[in-house]
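S.K.: Below is the file model_18.cif, which contains mmCIF, C-alpha atoms.
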```cif
data_final
loop_
_atom_site.label_atom_id
_atom_site.label_comp_id
_atom_site.auth_asym_id
_atom_site.auth_seq_id
_atom_site.Cartn_x
_atom_site.Cartn_y
_atom_site.Cartn_z
CA MET U 852 0.00 0.00 0.00
CA MET U 853 1.35 3.45 -0.98
CA GLU U 854 1.11 6.74 0.87
CA THR U 855 1.05 9.86 -1.29
CA THR U 856 2.73 12.27 1.14
CA ALA U 857 4.67 10.30 3.69
CA GLY U 858 6.52 7.64 1.73
CA VAL U 859 6.14 3.89 1.33
CA ALA U 860 4.98 1.56 4.10
CA ALA U 861 7.61 -1.15 4.65
CA GLU U 862 6.91 -4.83 5.03
CA PRO U 863 6.98 -6.20 8.62
CA LEU U 864 10.43 -7.41 9.55
CA THR U 865 10.91 -11.15 9.97
CA LEU U 866 13.91 -13.31 10.82
CA GLY U 867 14.99 -14.67 7.45
CA GLN U 868 17.56 -17.31 6.48
CA ASP U 869 20.36 -14.75 6.21
CA ASP U 870 19.61 -13.47 9.72
CA HIS U 871 19.55 -17.05 11.02
CA ASP U 872 22.95 -17.76 9.42
CA SER U 873 24.46 -14.60 10.92
CA LEU U 874 23.09 -15.58 14.33
CA GLN U 875 24.54 -19.08 14.02
CA ALA U 876 27.99 -17.56 13.35
CA HIS U 877 28.16 -16.49 17.02
CA PHE U 878 27.90 -20.04 18.37
CA GLN U 879 30.44 -22.83 18.69
CA ALA U 880 30.68 -25.41 15.94
CA GLY U 881 28.28 -28.28 16.46
CA ILE U 882 25.85 -26.21 18.54
CA SER U 883 22.65 -24.97 16.94
CA ALA U 884 21.22 -21.64 18.03
CA ASP U 885 17.74 -23.16 18.03
CA GLU U 886 18.82 -25.58 20.78
CA ILE U 887 19.29 -22.73 23.28
CA GLU U 888 16.13 -22.08 25.30
CA GLN U 889 16.70 -18.35 25.67
CA VAL U 890 17.16 -18.01 21.91
CA PHE U 891 13.72 -19.54 21.43
CA HIS U 892 12.11 -17.06 23.83
CA LEU U 893 13.90 -14.11 22.23
CA LYS U 894 12.89 -15.17 18.72
CA ARG U 895 9.30 -15.47 19.85
CA ALA U 896 9.50 -11.89 21.11
CA GLN U 897 10.98 -10.65 17.84
CA PRO U 898 8.23 -8.04 17.10
CA THR U 899 8.75 -6.43 20.50
CA LEU U 900 12.53 -6.49 20.11
CA GLN U 901 12.22 -4.89 16.67
CA ALA U 902 10.14 -2.12 18.20
CA PHE U 903 12.93 -1.35 20.67
CA THR U 904 15.48 -1.61 17.86
CA ALA U 905 13.54 0.95 15.83
CA LEU U 906 13.61 3.37 18.77
CA PHE U 907 17.12 2.91 20.11
CA HIS U 908 19.24 1.97 17.12
CA GLY U 909 21.63 4.75 16.13
CA GLY U 910 22.94 7.85 17.83
CA ALA U 911 21.61 9.38 21.03
CA ASP U 912 20.17 12.40 19.24
CA GLY U 913 18.16 10.24 16.86
CA VAL U 914 16.82 8.19 19.79
CA LEU U 915 15.62 11.35 21.54
CA ILE U 916 13.81 12.62 18.44
CA ARG U 917 12.02 9.29 17.86
CA LEU U 918 10.88 9.06 21.48
CA LEU U 919 9.81 12.69 21.38
CA VAL U 920 7.57 12.19 18.32
CA LEU U 921 6.07 8.94 19.57
CA ARG U 922 5.41 10.28 23.09
CA GLU U 923 3.81 13.46 21.73
CA LEU U 924 1.42 11.47 19.56
CA ALA U 925 0.61 8.88 22.24
CA ALA U 926 0.00 11.58 24.88
CA ASP U 927 -2.89 13.10 22.86
CA THR U 928 -5.99 11.33 24.18
CA ALA U 929 -8.46 13.62 22.41
CA THR U 930 -8.18 11.61 19.20
CA THR U 931 -6.71 8.33 18.07
CA ALA U 932 -6.08 9.33 14.45
CA PHE U 933 -3.69 12.00 13.20
CA SER U 934 -3.52 13.41 9.74
CA ARG U 935 -0.25 14.63 8.37
CA ALA U 936 -1.40 18.20 8.83
CA ASP U 937 -2.21 17.48 12.50
CA ILE U 938 1.24 16.00 13.02
CA ASN U 939 2.93 18.94 11.29
CA GLN U 940 1.03 21.36 13.51
CA LYS U 941 1.68 19.40 16.73
CA LEU U 942 5.42 19.02 15.98
CA ALA U 943 5.97 22.32 14.23
CA TYR U 944 9.21 22.86 16.17
CA LEU U 945 10.89 20.06 14.19
CA LEU U 946 12.35 20.37 10.71
CA PRO U 947 10.12 18.78 8.04
CA GLU U 948 12.98 16.55 6.83
CA SER U 949 13.70 15.21 10.34
CA LEU U 950 9.99 14.66 11.04
CA GLU U 951 9.59 12.78 7.76
CA THR U 952 12.52 10.49 8.57
CA VAL U 953 11.18 9.68 12.03
CA LEU U 954 7.64 8.98 10.80
CA THR U 955 8.96 6.65 8.10
CA ARG U 956 11.04 4.71 10.61
CA LEU U 957 8.21 4.40 13.15
CA ARG U 958 5.75 3.31 10.49
CA SER U 959 8.12 0.72 8.97
CA HIS U 960 8.55 -0.93 12.38
CA SER U 961 4.81 -1.01 13.20
CA LEU U 962 5.00 1.64 15.91
CA LEU U 963 2.73 3.86 13.82
CA ALA U 964 -0.03 2.46 11.62
CA TRP U 965 -0.95 4.21 8.37
CA ASP U 966 -4.62 4.06 7.34
CA ALA U 967 -4.50 4.68 3.60
CA GLN U 968 -8.29 5.03 3.18
CA ALA U 969 -8.65 7.67 5.89
CA ALA U 970 -5.14 9.07 5.28
CA VAL U 971 -4.37 9.16 9.01
CA TYR U 972 -1.77 7.77 11.41
CA ARG U 973 -2.60 5.77 14.53
CA VAL U 974 -0.38 4.78 17.46
CA THR U 975 -0.22 0.97 17.59
CA PRO U 976 -0.80 -1.07 20.78
CA MET U 977 2.81 -2.23 20.56
CA ALA U 978 3.99 1.37 20.72
CA ARG U 979 1.83 2.09 23.77
CA ASN U 980 3.23 -0.98 25.57
CA VAL U 981 6.79 0.10 24.82
CA LEU U 982 6.13 3.66 26.00
CA ALA U 983 4.40 2.41 29.16
CA SER U 984 7.43 0.31 30.14
CA LEU U 985 9.78 3.21 29.37
CA ASP U 986 7.67 5.65 31.36
CA THR U 987 7.73 3.36 34.38
CA LEU U 988 11.49 3.01 34.15
CA LEU U 989 12.02 6.75 33.70
CA ALA U 990 9.71 7.56 36.61
CA MET U 991 11.59 5.16 38.89
CA GLY U 992 14.88 6.61 37.73
CA GLN U 993 13.80 10.14 38.73
CA ALA U 994 12.68 8.97 42.17
CA ASP U 995 15.03 8.86 45.14
CA ASP U 996 15.68 5.13 44.84
CA ASP U 997 19.32 4.49 45.60
CA ALA U 998 18.56 0.82 46.10
CA GLU U 999 17.22 0.63 42.49
CA MET U 1000 14.55 -1.86 43.45
CA GLY U 1001 11.47 0.21 42.70
CA PHE U 1002 11.20 -0.65 39.02
CA LEU U 1003 11.85 -4.37 39.54
CA LEU U 1004 9.31 -4.57 42.35
CA SER U 1005 6.74 -2.60 40.35
CA GLN U 1006 7.10 -5.05 37.49
CA VAL U 1007 6.49 -7.99 39.85
CA ALA U 1008 3.55 -6.22 41.50
CA GLY U 1009 1.96 -5.33 38.18
CA ALA U 1010 2.39 -8.82 36.80
CA GLN U 1011 0.94 -10.33 39.99
CA ALA U 1012 -2.06 -8.00 39.82
CA VAL U 1013 -2.97 -9.26 36.37
CA GLY U 1014 -1.98 -12.85 37.16
CA GLY U 1015 1.02 -13.02 34.86
CA VAL U 1016 4.14 -12.90 37.02
CA THR U 1017 7.03 -14.83 35.46
CA VAL U 1018 10.02 -16.61 36.93
CA GLU U 1019 12.36 -14.25 35.01
CA GLN U 1020 10.86 -11.21 36.73
CA LEU U 1021 11.32 -12.84 40.13
CA LYS U 1022 14.91 -13.79 39.29
CA HIS U 1023 15.71 -10.17 38.37
CA LEU U 1024 14.44 -9.04 41.77
CA LEU U 1025 16.34 -11.86 43.50
CA GLY U 1026 19.54 -10.94 41.69
CA ARG U 1027 19.25 -7.32 42.83
CA LEU U 1028 18.71 -8.40 46.45
CA VAL U 1029 21.82 -10.60 46.33
CA GLU U 1030 23.86 -7.74 44.81
CA LEU U 1031 22.75 -5.36 47.56
CA THR U 1032 23.64 -7.89 50.27
CA GLU U 1033 27.15 -8.35 48.85
CA GLU U 1034 27.58 -4.59 48.49
CA PHE U 1035 26.61 -4.01 52.14
CA ARG U 1036 28.96 -6.77 53.33
CA ASP U 1037 31.84 -5.21 51.40
CA ALA U 1038 31.09 -1.84 52.98
CA ILE U 1039 31.11 -3.38 56.47
CA ALA U 1040 34.38 -5.19 55.76
CA SER U 1041 36.03 -1.99 54.47
CA GLY U 1042 35.90 -0.29 57.88
CA SER U 1043 35.30 3.11 56.25
CA GLU U 1044 32.87 5.21 58.27
CA PHE U 1045 31.70 7.24 55.28
CA ARG U 1046 31.13 4.14 53.16
CA LEU U 1047 29.31 2.50 56.06
CA ARG U 1048 26.94 5.42 56.58
CA THR U 1049 26.24 5.68 52.84
CA SER U 1050 25.49 1.97 52.64
CA GLN U 1051 23.36 2.13 55.78
CA ALA U 1052 21.17 4.83 54.24
CA LYS U 1053 20.86 2.69 51.12
CA TRP U 1054 20.03 -0.30 53.32
CA HIS U 1055 17.16 1.59 55.00
CA MET U 1056 15.69 2.39 51.57
CA ALA U 1057 16.04 -1.24 50.51
CA CYS U 1058 14.22 -2.32 53.66
CA ASP U 1059 11.33 -0.03 52.76
CA TRP U 1060 10.99 -1.81 49.42
CA VAL U 1061 11.28 -5.17 51.19
CA GLU U 1062 8.28 -4.34 53.36
CA LYS U 1063 6.29 -3.34 50.30
CA GLY U 1064 7.25 -6.53 48.49
CA SER U 1065 6.47 -8.90 51.36
CA GLU U 1066 2.72 -8.77 50.66
CA ILE U 1067 3.35 -9.50 46.99
CA LEU U 1068 5.51 -12.51 47.84
CA ARG U 1069 2.86 -13.85 50.23
CA ALA U 1070 0.30 -13.56 47.46
CA ILE U 1071 2.58 -15.42 45.06
CA THR U 1072 3.36 -18.26 47.49
CA SER U 1073 -0.34 -18.67 48.37
CA ASP U 1074 -1.45 -18.67 44.72
CA GLU U 1075 -2.39 -22.22 43.75
CA ARG U 1076 -2.08 -21.39 40.07
CA ALA U 1077 1.64 -20.60 40.35
CA ASP U 1078 3.96 -23.36 39.19
CA ALA U 1079 6.81 -24.92 41.17
CA ALA U 1080 9.50 -22.69 39.60
CA THR U 1081 7.59 -19.56 40.60
CA HIS U 1082 7.15 -20.81 44.18
CA LYS U 1083 10.86 -21.67 44.37
CA ALA U 1084 11.92 -18.22 43.12
CA ALA U 1085 9.56 -16.49 45.56
CA GLN U 1086 10.94 -18.51 48.47
CA ALA U 1087 14.51 -17.63 47.43
CA ILE U 1088 13.51 -13.94 47.41
CA GLY U 1089 12.11 -14.36 50.93
CA ARG U 1090 15.40 -15.81 52.16
CA ALA U 1091 17.36 -13.01 50.48
CA GLN U 1092 15.12 -10.43 52.14
CA SER U 1093 15.71 -12.06 55.54
CA ALA U 1094 19.48 -11.93 55.02
CA LEU U 1095 19.17 -8.28 54.05
CA LEU U 1096 17.11 -7.38 57.12
CA ASN U 1097 19.54 -9.17 59.45
CA MET U 1098 22.37 -6.82 58.45
CA GLN U 1099 21.18 -4.09 60.83
CA GLY U 1100 23.19 -5.65 63.67
CA MET U 1101 26.29 -5.83 61.47
CA PHE U 1102 26.03 -2.13 60.62
CA SER U 1103 25.57 -1.22 64.28
CA ARG U 1104 28.59 -3.25 65.45
CA ALA U 1105 30.83 -1.83 62.74
CA LEU U 1106 29.82 1.78 63.50
CA ASN U 1107 30.27 1.23 67.26
CA GLN U 1108 33.75 -0.15 66.63
CA ILE U 1109 34.63 2.94 64.60
CA GLU U 1110 33.20 5.18 67.33
CA ARG U 1111 35.48 3.55 69.92
CA GLN U 1112 38.51 4.09 67.70
CA ARG U 1113 37.69 7.70 66.82
CA VAL U 1114 40.59 10.13 67.29
CA HIS U 1115 39.79 13.53 68.82
CA LEU U 1116 41.91 16.62 68.21
CA GLY U 1117 42.89 17.85 71.65
CA GLN U 1118 40.16 19.53 73.70
CA SER U 1119 38.45 21.05 70.68
CA GLY U 1120 35.75 18.38 70.53
CA LEU U 1121 36.55 17.81 66.84
CA SER U 1122 37.52 14.43 65.46
CA THR U 1123 39.25 13.29 62.32
CA THR U 1124 35.81 12.45 60.92
CA ASP U 1125 34.72 16.07 61.33
CA VAL U 1126 37.85 17.26 59.55
CA LYS U 1127 37.33 14.82 56.67
CA ARG U 1128 33.65 15.80 56.37
CA TRP U 1129 34.66 19.48 56.29
CA LEU U 1130 37.25 18.79 53.57
CA LEU U 1131 34.75 16.80 51.51
CA ALA U 1132 32.38 19.79 51.61
CA HIS U 1133 34.89 21.81 49.54
CA GLU U 1134 34.81 21.17 45.83
CA ASP U 1135 38.21 22.80 45.27
CA LEU U 1136 40.67 21.87 48.01
CA SER U 1137 43.45 23.90 46.38
CA SER U 1138 41.51 27.07 47.15
CA LEU U 1139 42.18 26.48 50.87
CA ALA U 1140 45.88 27.16 50.23
CA GLN U 1141 45.25 30.70 48.92
CA GLY U 1142 46.98 33.15 51.22
CA ALA U 1143 48.58 30.40 53.27
CA ILE U 1144 51.80 30.22 51.21
CA ASP U 1145 53.88 33.38 50.84
CA ARG U 1146 55.92 32.25 47.85
CA PRO U 1147 55.61 29.41 45.36
CA VAL U 1148 57.20 26.11 46.15
CA MET U 1149 60.59 25.73 44.49
CA PRO U 1150 61.15 22.33 42.87
CA LEU U 1151 64.18 20.33 44.08
CA PHE U 1152 66.23 18.93 41.20
CA ILE U 1153 69.13 17.49 43.26
CA THR U 1154 69.23 14.97 46.07
CA PRO U 1155 70.67 15.81 49.52
CA ALA U 1156 73.49 13.28 49.12
CA GLU U 1157 74.74 15.00 45.97
CA MET U 1158 74.46 18.38 47.66
CA ILE U 1159 76.70 17.15 50.52
CA ASP U 1160 79.29 15.79 48.07
CA VAL U 1161 79.47 19.11 46.23
CA ALA U 1162 79.68 21.05 49.48
CA GLU U 1163 82.54 18.90 50.79
CA THR U 1164 84.43 19.25 47.53
CA GLU U 1165 84.09 23.02 47.54
CA LEU U 1166 85.01 23.22 51.24
CA LEU U 1167 88.16 21.08 51.03
CA ALA U 1168 89.36 22.40 47.68
CA GLU U 1169 92.54 24.51 47.82
CA ARG U 1170 91.92 28.00 46.50
CA SER U 1171 94.64 29.97 44.77
CA ALA U 1172 95.61 33.09 46.66
CA SER U 1173 96.33 35.09 43.52
CA THR U 1174 93.43 36.69 41.80
CA GLY U 1175 95.13 38.23 38.78
CA PRO U 1176 96.26 36.51 35.63
CA THR U 1177 99.56 34.63 35.86
CA GLY U 1178 101.92 33.34 33.23
CA LEU U 1179 102.82 29.82 32.35
CA PRO U 1180 104.86 27.98 35.02
CA GLN U 1181 108.56 27.33 34.45
CA GLY U 1182 109.41 23.98 32.94
CA GLU U 1183 110.83 21.26 35.21
CA ASP U 1184 112.38 17.92 34.57
CA ALA U 1185 110.27 14.95 35.42
CA PRO U 1186 111.38 13.38 38.72
CA LEU U 1187 113.17 10.07 38.55
CA THR U 1188 111.44 7.17 40.30
CA ILE U 1189 112.80 3.75 41.12
CA ASN U 1190 110.41 0.85 41.04
CA ASP U 1191 111.27 -1.22 44.10
CA GLY U 1192 108.44 -3.69 43.59
CA PRO U 1193 109.01 -7.13 42.07
CA ALA U 1194 108.45 -7.64 38.39
CA ILE U 1195 105.17 -9.51 38.86
CA GLN U 1196 104.27 -9.68 35.19
CA ALA U 1197 107.70 -10.94 34.22
CA GLU U 1198 107.60 -13.55 36.96
CA LEU U 1199 104.12 -14.68 35.84
CA ASP U 1200 105.24 -15.01 32.24
CA ASP U 1201 108.26 -17.05 33.32
CA TRP U 1202 106.11 -19.29 35.54
CA LEU U 1203 103.61 -19.79 32.71
CA ALA U 1204 106.38 -20.71 30.29
CA ARG U 1205 107.84 -23.25 32.72
CA LEU U 1206 104.50 -24.97 33.21
CA ALA U 1207 103.67 -24.93 29.50
CA ASP U 1208 106.96 -26.38 28.38
CA PHE U 1209 107.03 -29.89 29.85
CA ALA U 1210 110.40 -30.63 28.24
CA ASN U 1211 112.08 -27.67 29.94
CA LEU U 1212 110.46 -28.51 33.29
CA GLY U 1213 112.46 -31.70 33.58
CA ASN U 1214 110.30 -32.76 36.52
CA PHE U 1215 107.79 -34.97 34.69
CA PRO U 1216 109.07 -38.52 34.23
CA SER U 1217 108.07 -40.75 31.37
CA PHE U 1218 104.60 -42.25 31.26
CA SER U 1219 104.00 -45.53 33.03
CA GLU U 1220 101.47 -48.17 32.07
CA HIS U 1221 98.93 -46.41 34.35
CA GLY U 1222 99.56 -42.96 32.86
CA PRO U 1223 101.73 -40.05 34.02
CA LYS U 1224 103.07 -40.02 37.55
CA ALA U 1225 102.29 -37.19 39.98
CA VAL U 1226 105.12 -34.73 40.61
CA PRO U 1227 105.61 -33.19 44.09
CA ILE U 1228 104.79 -29.53 44.08
CA GLN U 1229 108.12 -28.50 45.63
CA ASP U 1230 109.98 -29.83 42.58
CA SER U 1231 108.12 -27.25 40.46
CA LEU U 1232 108.10 -24.27 42.84
CA LEU U 1233 111.75 -24.50 43.93
CA PRO U 1234 114.44 -23.39 43.72
CA ALA U 1235 113.29 -19.83 44.27
CA SER U 1236 113.12 -17.18 46.97
CA PHE U 1237 110.34 -17.31 49.52
CA ALA U 1238 108.48 -14.45 47.80
CA VAL U 1239 108.69 -16.03 44.33
CA ALA U 1240 107.74 -19.49 45.65
CA SER U 1241 104.74 -18.00 47.49
CA TYR U 1242 103.63 -16.14 44.36
CA ARG U 1243 103.88 -19.31 42.26
CA ALA U 1244 101.93 -21.29 44.87
CA SER U 1245 99.14 -18.66 44.85
CA MET U 1246 98.73 -19.18 41.11
CA LEU U 1247 98.28 -22.96 41.32
CA PRO U 1248 94.52 -22.94 42.27
CA LEU U 1249 93.83 -21.33 38.89
CA LEU U 1250 94.78 -24.53 37.08
CA GLY U 1251 91.59 -26.01 35.60
CA ASP U 1252 89.39 -23.09 36.67
CA ALA U 1253 86.66 -22.96 33.98
CA ALA U 1254 85.54 -19.43 34.85
CA GLU U 1255 89.09 -18.07 34.61
CA ALA U 1256 89.80 -20.06 31.45
CA SER U 1257 86.95 -18.28 29.62
CA LEU U 1258 88.69 -14.91 30.06
CA GLN U 1259 91.69 -13.32 28.35
CA GLY U 1260 95.22 -12.77 29.64
CA ALA U 1261 98.08 -14.65 31.25
CA THR U 1262 96.04 -16.05 34.12
CA ALA U 1263 93.48 -17.38 31.62
CA GLN U 1264 96.30 -19.18 29.75
CA LEU U 1265 97.42 -20.67 33.05
CA ALA U 1266 93.90 -21.93 33.75
CA ARG U 1267 93.72 -23.61 30.33
CA LEU U 1268 96.90 -25.69 30.85
CA PRO U 1269 96.27 -29.48 30.93
CA ILE U 1270 97.70 -29.80 34.43
CA THR U 1271 95.86 -30.95 37.55
CA PHE U 1272 96.81 -29.50 40.96
CA THR U 1273 96.03 -31.80 43.91
CA PRO U 1274 96.63 -30.23 47.36
CA THR U 1275 96.43 -31.84 50.83
CA ASP U 1276 96.29 -30.58 54.43
CA GLU U 1277 99.61 -32.13 55.57
CA MET U 1278 103.06 -30.45 55.61
CA VAL U 1279 106.49 -31.70 54.65
CA GLN U 1280 109.86 -30.26 55.75
CA LEU U 1281 112.25 -29.26 52.97
CA ASN U 1282 116.00 -28.96 52.77
CA ASP U 1283 115.89 -25.49 51.21
CA PRO U 1284 117.62 -22.29 52.41
CA ASN U 1285 114.50 -20.11 51.79
CA VAL U 1286 111.52 -22.39 52.45
CA PHE U 1287 111.41 -24.51 55.67
CA ALA U 1288 108.18 -26.44 54.99
CA MET U 1289 105.45 -26.72 52.36
CA SER U 1290 102.06 -28.38 52.00
CA ILE U 1291 102.10 -31.80 50.43
CA ALA U 1292 100.64 -31.39 46.90
CA THR U 1293 101.20 -32.79 43.43
CA LEU U 1294 101.01 -31.75 39.79
CA SER U 1295 99.95 -34.21 37.08
CA LEU U 1296 99.17 -34.04 33.40
CA ASP U 1297 95.50 -34.04 32.39
CA LEU U 1298 95.39 -36.33 29.36
CA GLU U 1299 91.72 -35.56 28.56
CA SER U 1300 92.43 -31.86 28.07
CA GLY U 1301 94.85 -32.35 25.24
CA PRO U 1302 98.16 -30.54 24.77
CA ALA U 1303 99.09 -27.40 26.64
CA ASP U 1304 97.80 -24.06 25.37
CA ASP U 1305 100.94 -22.05 24.92
CA LYS U 1306 99.35 -19.14 23.17
#
```
What would the structure in this file look like if it were written as structure tokens?

M.R.:
Amino acid sequence: MMETTAGVAAEPLTLGQDDHDSLQAHFQAGISADEIEQVFHLKRAQPTLQAFTALFHGGADGVLIRLLVLRELAADTATTAFSRADINQKLAYLLPESLETVLTRLRSHSLLAWDAQAAVYRVTPMARNVLASLDTLLAMGQADDDAEMGFLLSQVAGAQAVGGVTVEQLKHLLGRLVELTEEFRDAIASGSEFRLRTSQAKWHMACDWVEKGSEILRAITSDERADAATHKAAQAIGRAQSALLNMQGMFSRALNQIERQRVHLGQSGLSTTDVKRWLLAHEDLSSLAQGAIDRPVMPLFITPAEMIDVAETELLAERSASTGPTGLPQGEDAPLTINDGPAIQAELDDWLARLADFANLGNFPSFSEHGPKAVPIQDSLLPASFAVASYRASMLPLLGDAAEASLQGATAQLARLPITFTPTDEMVQLNDPNVFAMSIATLSLDLESGPADDK
């Protein structure tokens, strides 16, 4: 059917095969969307869901304009039919293009019905049901209902009055009661006085709704027509209400505990709670500092430890007495110094060469049938002075040290030599003019390590 001035009336929307395939794409493989119970209920309510989609799909501004037009037309009880001229006059504050777009959308989703013979619009029953539910929700939202139970309880009460309360409506109310109970328990466990008092005020409001809903629950439980699921949900709500009402003692004990621990500021009669409440009353706390600070706070870009180091350096530094420019100092010969210390590097190189060159050592006998024999350590360290023998002995633990062998240098070459050093705790006396006694230890070739690294 065509309309001459307002566009073309669209066909009612139905869930086609393409829509079913797109819905199935959200489910796991091997699971059909039609097997889910909630999907069945939602598909059955498709016309109602499409009505909400028509109103709320898109941007916030478009949603407001659609609700505005539909509420204006539904609020007129003087007539049930509106011509296009009547609509233009009633909504003259809207642009014609915007009004045309909204009317087309509402009509295509069966929120407005177009009577082609009479050339008038009518608000459909579906639209009035949608607006009634929205009006109830908006009215409850404007009321002082911090517990947010008014709308849920009104839905249960209304459904019970007409004999159509559902288990889903009862479960929504039960879920809200459980959420409130957990919220109040968290507030009690927090130990915050302000959070406790806020939750206690919310608890009192929830108790008011509980008293109003008790009569409804008694009517549901005494209704013989209600099924077992409805009775079970109503009983669960009753238990949740009892748990909620029993929290009065918990609030009282928590507040009394805070009262006993309250800290008072001297003899002023004020407490830390009073100070916090006074601070919370100020929207801009920084304004309290106006006139209290004479100069701006200077940022500190250096730590105290560094400041002390600089101060000590400046304090102990020798200052030149002359203030004027001076010439270049006279040249002096560099002072002669005599190195009295032993040639450690030369001694290390000599010791490394002796250990690396087994032929020059002359202390390793020929191999026996069981391998090389162990050589006493004194045959390798002596003859030498006590200082040189001690230095050589201090180098012996580096033989075979894997960590030292991975490095560079003379000590690393010493660690890579295929020689095994085996010390003991016993001592042996020596016939040497510089060394009286020495620990019993041996040196032996390590056949598994290969030849000596003489690099």

S.K.: Around (33.0, 4.2, 63.4), as given in the file, which residues come within 12 Å? Count all atoms listed in the file and list them as an MDAnalysis selection string.

M.R.: chainID U and resid 1039 1041:1048 1102:1114 1122:1124

S.K.: Taking the file as I've supplied it (selection: the PyMOL selection byres ((chain U and resi 1057) around 12)), which residues are included? Please answer as a ChimeraX atom specification.

M.R.: /U:995-1001,1004,1024,1027-1032,1035,1050-1056,1058-1064,1091-1093,1095-1096,1098-1099

S.K.: What's the separation between atom CA of U:Ala1238 and atom CA of U:Ala1225, in Å to one decimal place?

M.R.: 24.8 Å

S.K.: Name every residue that the PyMOL selection byres ((chain U and resi 1079-1081) around 10) selects in this structure, writing the answer as a PDB file with C-alpha atoms, in the coordinates of the input with chains first and numbers rising.

M.R.:
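Done, and the output landed in expr_24.pdb:
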```pdb
ATOM      1  CA  VAL U1016       4.140 -12.900  37.020  1.00  0.00           C
ATOM      2  CA  THR U1017       7.030 -14.830  35.460  1.00  0.00           C
ATOM      3  CA  VAL U1018      10.020 -16.610  36.930  1.00  0.00           C
ATOM      4  CA  GLU U1019      12.360 -14.250  35.010  1.00  0.00           C
ATOM      5  CA  GLN U1020      10.860 -11.210  36.730  1.00  0.00           C
ATOM      6  CA  LEU U1021      11.320 -12.840  40.130  1.00  0.00           C
ATOM      7  CA  LYS U1022      14.910 -13.790  39.290  1.00  0.00           C
ATOM      8  CA  ILE U1071       2.580 -15.420  45.060  1.00  0.00           C
ATOM      9  CA  THR U1072       3.360 -18.260  47.490  1.00  0.00           C
ATOM     10  CA  ASP U1074      -1.450 -18.670  44.720  1.00  0.00           C
ATOM     11  CA  GLU U1075      -2.390 -22.220  43.750  1.00  0.00           C
ATOM     12  CA  ARG U1076      -2.080 -21.390  40.070  1.00  0.00           C
ATOM     13  CA  ALA U1077       1.640 -20.600  40.350  1.00  0.00           C
ATOM     14  CA  ASP U1078       3.960 -23.360  39.190  1.00  0.00           C
ATOM     15  CA  HIS U1082       7.150 -20.810  44.180  1.00  0.00           C
ATOM     16  CA  LYS U1083      10.860 -21.670  44.370  1.00  0.00           C
ATOM     17  CA  ALA U1084      11.920 -18.220  43.120  1.00  0.00           C
ATOM     18  CA  ALA U1085       9.560 -16.490  45.560  1.00  0.00           C
ATOM     19  CA  GLN U1086      10.940 -18.510  48.470  1.00  0.00           C
ATOM     20  CA  ALA U1087      14.510 -17.630  47.430  1.00  0.00           C
TER      21      ALA U1087
END
```

S.K.: Hey, which of U:Tyr944, U:Ala1266, U:Thr1271, U:Ile1228 ends up closest to U:Ala1254? Count all atoms listed in the file.

M.R.: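 Distance minimum relative to U:Ala1254 lands on U:Ala1266.
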
S.K.: Between atom CA of U:Glu951 and atom CA of U:Leu906, measure the distance and give it in Å to one decimal.

M.R.: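 Atom-to-atom, atom CA of U:Glu951 and atom CA of U:Leu906 are spaced 15.0 Å apart.
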
S.K.: Could you give me, as a ChimeraX atom specification, the residues that sit within 12 Å of (8.0, -8.6, 17.3) in the file's coordinates, counting only C-alpha atoms?

M.R.: /U:863-866,892-905,960-962,977-978,981

S.K.: Apply the PyMOL selection byres ((chain U and resi 987) around 12) to the structure shown and report the selected residues as a PyMOL selection string.

M.R.: chain U and resi 980-986+988-994+1001-1006+1009

S.K.: Find the distance between atom CA of U:Glu1277 and atom CA of U:Leu1249 and write it in Å to one decimal.

M.R.: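 Here the two named atoms are 20.7 Å from each other.
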
S.K.: Need the shell around U:Thr1273: protein/DNA/RNA residues with any atom at most 9 Å away, counting all atoms listed in the file. Skip same-chain ones fewer than 6 positions apart. Format as a VMD selection string?

M.R.: chain U and resid 1291 to 1295

S.K.: So which one's closest to U:Ile1067, U:Pro1269, U:Gly1089, U:Gly913, U:Gly1100? Using only C-alpha atoms, please.

M.R.: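 Smallest distance to U:Ile1067 is found for U:Gly1089.
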
S.K.: For U:Thr928, which residue among U:Val974, U:Ile887, U:Asp966, U:Ala1288 is the nearest when counting all atoms listed in the file?

M.R.: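 Of the candidates, the smallest distance to U:Thr928 is held by U:Val974.
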
S.K.: Quick one: of U:Val1226, U:Gln1181, U:His877, U:Met1246, who's nearest to U:Trp1202, counting all atoms listed in the file?

M.R.: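 Closest to U:Trp1202, using all atoms listed in the file: U:Met1246.
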